Amino acid sequence: MAEAGGGKERLLRAAIEYVAANGVGERSLRQIATALGTSHRMLIYHFGSKEGLLVEVARTVEERQRELLAELAAADDPVEAGRRFWARVSDPALWPNERLFFELYGRALQGDPAALPLLDGVVDTWVAALAAPMERAGVAPDVARSQARLGVAVGRGLLLDLLATGDRAGVDAAMDRFVAMYAATLPPR
């Protein structure tokens, strides 16, 4: 729990933990603030609104996922890194964060001003993160970027599928198929 008056980063960390453990549902900003051990005014001061807090939570979780991808890609070949990354981002422990992301994404696409900041870099940051290990493996930059965009679309689509259906085996099989198709496009080592 964050202390009352805690700094923005401490409150953000606490909010990320709270969302991961509880989701958000229909909780008010006051309810979230109480759970974080702070006041709703402190959250408004740091994040502007409930939606501002939630967008910041989603963006920070996304940033952490990109950092994990970079770590895995530095340690493994791109195919193995992709498999390990999928296992991590599709972990049920992250489902509350994934649900929040997709909820905010949909709201932003509908023009909700409070959710619109989520769209800043929501595709391009991932395309860059996914293209980098491919380029290091010898894939031409334009091909790497289009492959990366496809990877973002497939990954998000399969996460939506998993959240909607709970069909772990089916979704994992689809991701395995995609990874195999992706692996076939890489230059031989």
# chains A, B, ... in the order shown; residues from 1 in each chain; ligands from 1
>>> residues_around(residues="Ala164 (chain A)", least_positions_apart="4", cutoff="12 Å", atoms="only C-alpha atoms", output="list in words")
Trp95, Glu98, Arg99, Phe102, Gly157, Leu158, Leu159, Leu160, Arg168 and Val171 of chain A
>>> residues_around(residues="region 138-153 of chain A", least_positions_apart="2", cutoff="7 Å", atoms="only C-alpha atoms", output="MDAnalysis selection string")
chainID A and resid 126:127 130:131 134:136 155:157 186:187
>>> residues_around(residues="Ala173 (chain A)", least_positions_apart="6", cutoff="12 Å", atoms="only C-alpha atoms", output="mmCIF file with all heavy atoms, in the first residue's frame")
data_model
loop_
_atom_site.group_PDB
_atom_site.id
_atom_site.type_symbol
_atom_site.label_atom_id
_atom_site.label_comp_id
_atom_site.auth_asym_id
_atom_site.auth_seq_id
_atom_site.Cartn_x
_atom_site.Cartn_y
_atom_site.Cartn_z
ATOM 1 N N ARG A 83 8.641 -17.134 -27.997
ATOM 2 C CA ARG A 83 7.907 -18.151 -27.222
ATOM 3 C C ARG A 83 7.897 -17.805 -25.730
ATOM 4 O O ARG A 83 6.869 -17.902 -25.066
ATOM 5 C CB ARG A 83 8.548 -19.520 -27.436
ATOM 6 C CG ARG A 83 8.240 -20.123 -28.771
ATOM 7 C CD ARG A 83 8.751 -21.562 -28.862
ATOM 8 N NE ARG A 83 8.370 -22.118 -30.133
ATOM 9 C CZ ARG A 83 9.233 -22.425 -31.098
ATOM 10 N NH1 ARG A 83 10.539 -22.265 -30.920
ATOM 11 N NH2 ARG A 83 8.793 -22.920 -32.234
ATOM 12 N N TRP A 86 5.634 -14.758 -25.089
ATOM 13 C CA TRP A 86 4.216 -15.109 -25.112
ATOM 14 C C TRP A 86 3.807 -15.782 -23.800
ATOM 15 O O TRP A 86 2.758 -15.473 -23.229
ATOM 16 C CB TRP A 86 3.886 -16.010 -26.297
ATOM 17 C CG TRP A 86 2.476 -16.520 -26.226
ATOM 18 C CD1 TRP A 86 2.069 -17.776 -25.916
ATOM 19 C CD2 TRP A 86 1.277 -15.749 -26.410
ATOM 20 N NE1 TRP A 86 0.691 -17.852 -25.896
ATOM 21 C CE2 TRP A 86 0.186 -16.614 -26.205
ATOM 22 C CE3 TRP A 86 1.025 -14.417 -26.725
ATOM 23 C CZ2 TRP A 86 -1.134 -16.192 -26.311
ATOM 24 C CZ3 TRP A 86 -0.298 -13.993 -26.835
ATOM 25 C CH2 TRP A 86 -1.351 -14.876 -26.623
ATOM 26 N N LEU A 158 -4.621 -12.707 -30.191
ATOM 27 C CA LEU A 158 -4.656 -13.939 -29.402
ATOM 28 C C LEU A 158 -4.876 -13.658 -27.920
ATOM 29 O O LEU A 158 -5.526 -14.455 -27.231
ATOM 30 C CB LEU A 158 -3.389 -14.759 -29.634
ATOM 31 C CG LEU A 158 -3.307 -15.411 -31.023
ATOM 32 C CD1 LEU A 158 -1.977 -16.115 -31.208
ATOM 33 C CD2 LEU A 158 -4.476 -16.361 -31.264
ATOM 34 N N LEU A 162 -7.877 -15.242 -25.859
ATOM 35 C CA LEU A 162 -7.657 -15.923 -24.587
ATOM 36 C C LEU A 162 -8.542 -15.350 -23.490
ATOM 37 O O LEU A 162 -9.165 -16.097 -22.717
ATOM 38 C CB LEU A 162 -6.182 -15.827 -24.196
ATOM 39 C CG LEU A 162 -5.756 -16.525 -22.913
ATOM 40 C CD1 LEU A 162 -6.074 -18.018 -22.960
ATOM 41 C CD2 LEU A 162 -4.263 -16.299 -22.679
ATOM 42 N N ASP A 167 -9.620 -20.371 -23.793
ATOM 43 C CA ASP A 167 -9.129 -21.556 -24.487
ATOM 44 C C ASP A 167 -7.610 -21.526 -24.587
ATOM 45 O O ASP A 167 -7.036 -21.221 -25.627
ATOM 46 C CB ASP A 167 -9.763 -21.661 -25.878
ATOM 47 C CG ASP A 167 -9.347 -22.917 -26.634
ATOM 48 O OD1 ASP A 167 -8.578 -23.737 -26.098
ATOM 49 O OD2 ASP A 167 -9.799 -23.053 -27.797
ATOM 50 N N VAL A 179 4.518 -18.555 -34.557
ATOM 51 C CA VAL A 179 5.963 -18.524 -34.310
ATOM 52 C C VAL A 179 6.695 -19.384 -35.340
ATOM 53 O O VAL A 179 7.749 -18.990 -35.848
ATOM 54 C CB VAL A 179 6.292 -18.947 -32.858
ATOM 55 C CG1 VAL A 179 7.778 -19.179 -32.670
ATOM 56 C CG2 VAL A 179 5.804 -17.884 -31.882
ATOM 57 N N ALA A 180 6.132 -20.531 -35.683
ATOM 58 C CA ALA A 180 6.757 -21.393 -36.698
ATOM 59 C C ALA A 180 6.772 -20.690 -38.060
ATOM 60 O O ALA A 180 7.779 -20.737 -38.790
ATOM 61 C CB ALA A 180 6.015 -22.723 -36.787
#
>>> closest_residue(among="A:Ala132, A:Glu17, A:Leu29, A:Tyr182", to="Phe47 (chain A)", atoms="only C-alpha atoms")
A:Leu29
>>> select_by_dssp(residues="chain A", states="helix (DSSP H, G or I)", output="ChimeraX atom specification")
/A:8-22,29-36,40-47,50-75,78-89,92-109,116-119,124-136,141-165,168-183
>>> closest_residue(among="A:Ile44, A:Ala35, A:Ala128, A:Ala21", to="Lys8 (chain A)", atoms="only C-alpha atoms")
A:Ile44
>>> closest_residue(among="A:Val24, A:Val57, A:Ala93, A:Ala183", to="Arg10 (chain A)", atoms="only C-alpha atoms")
A:Val57
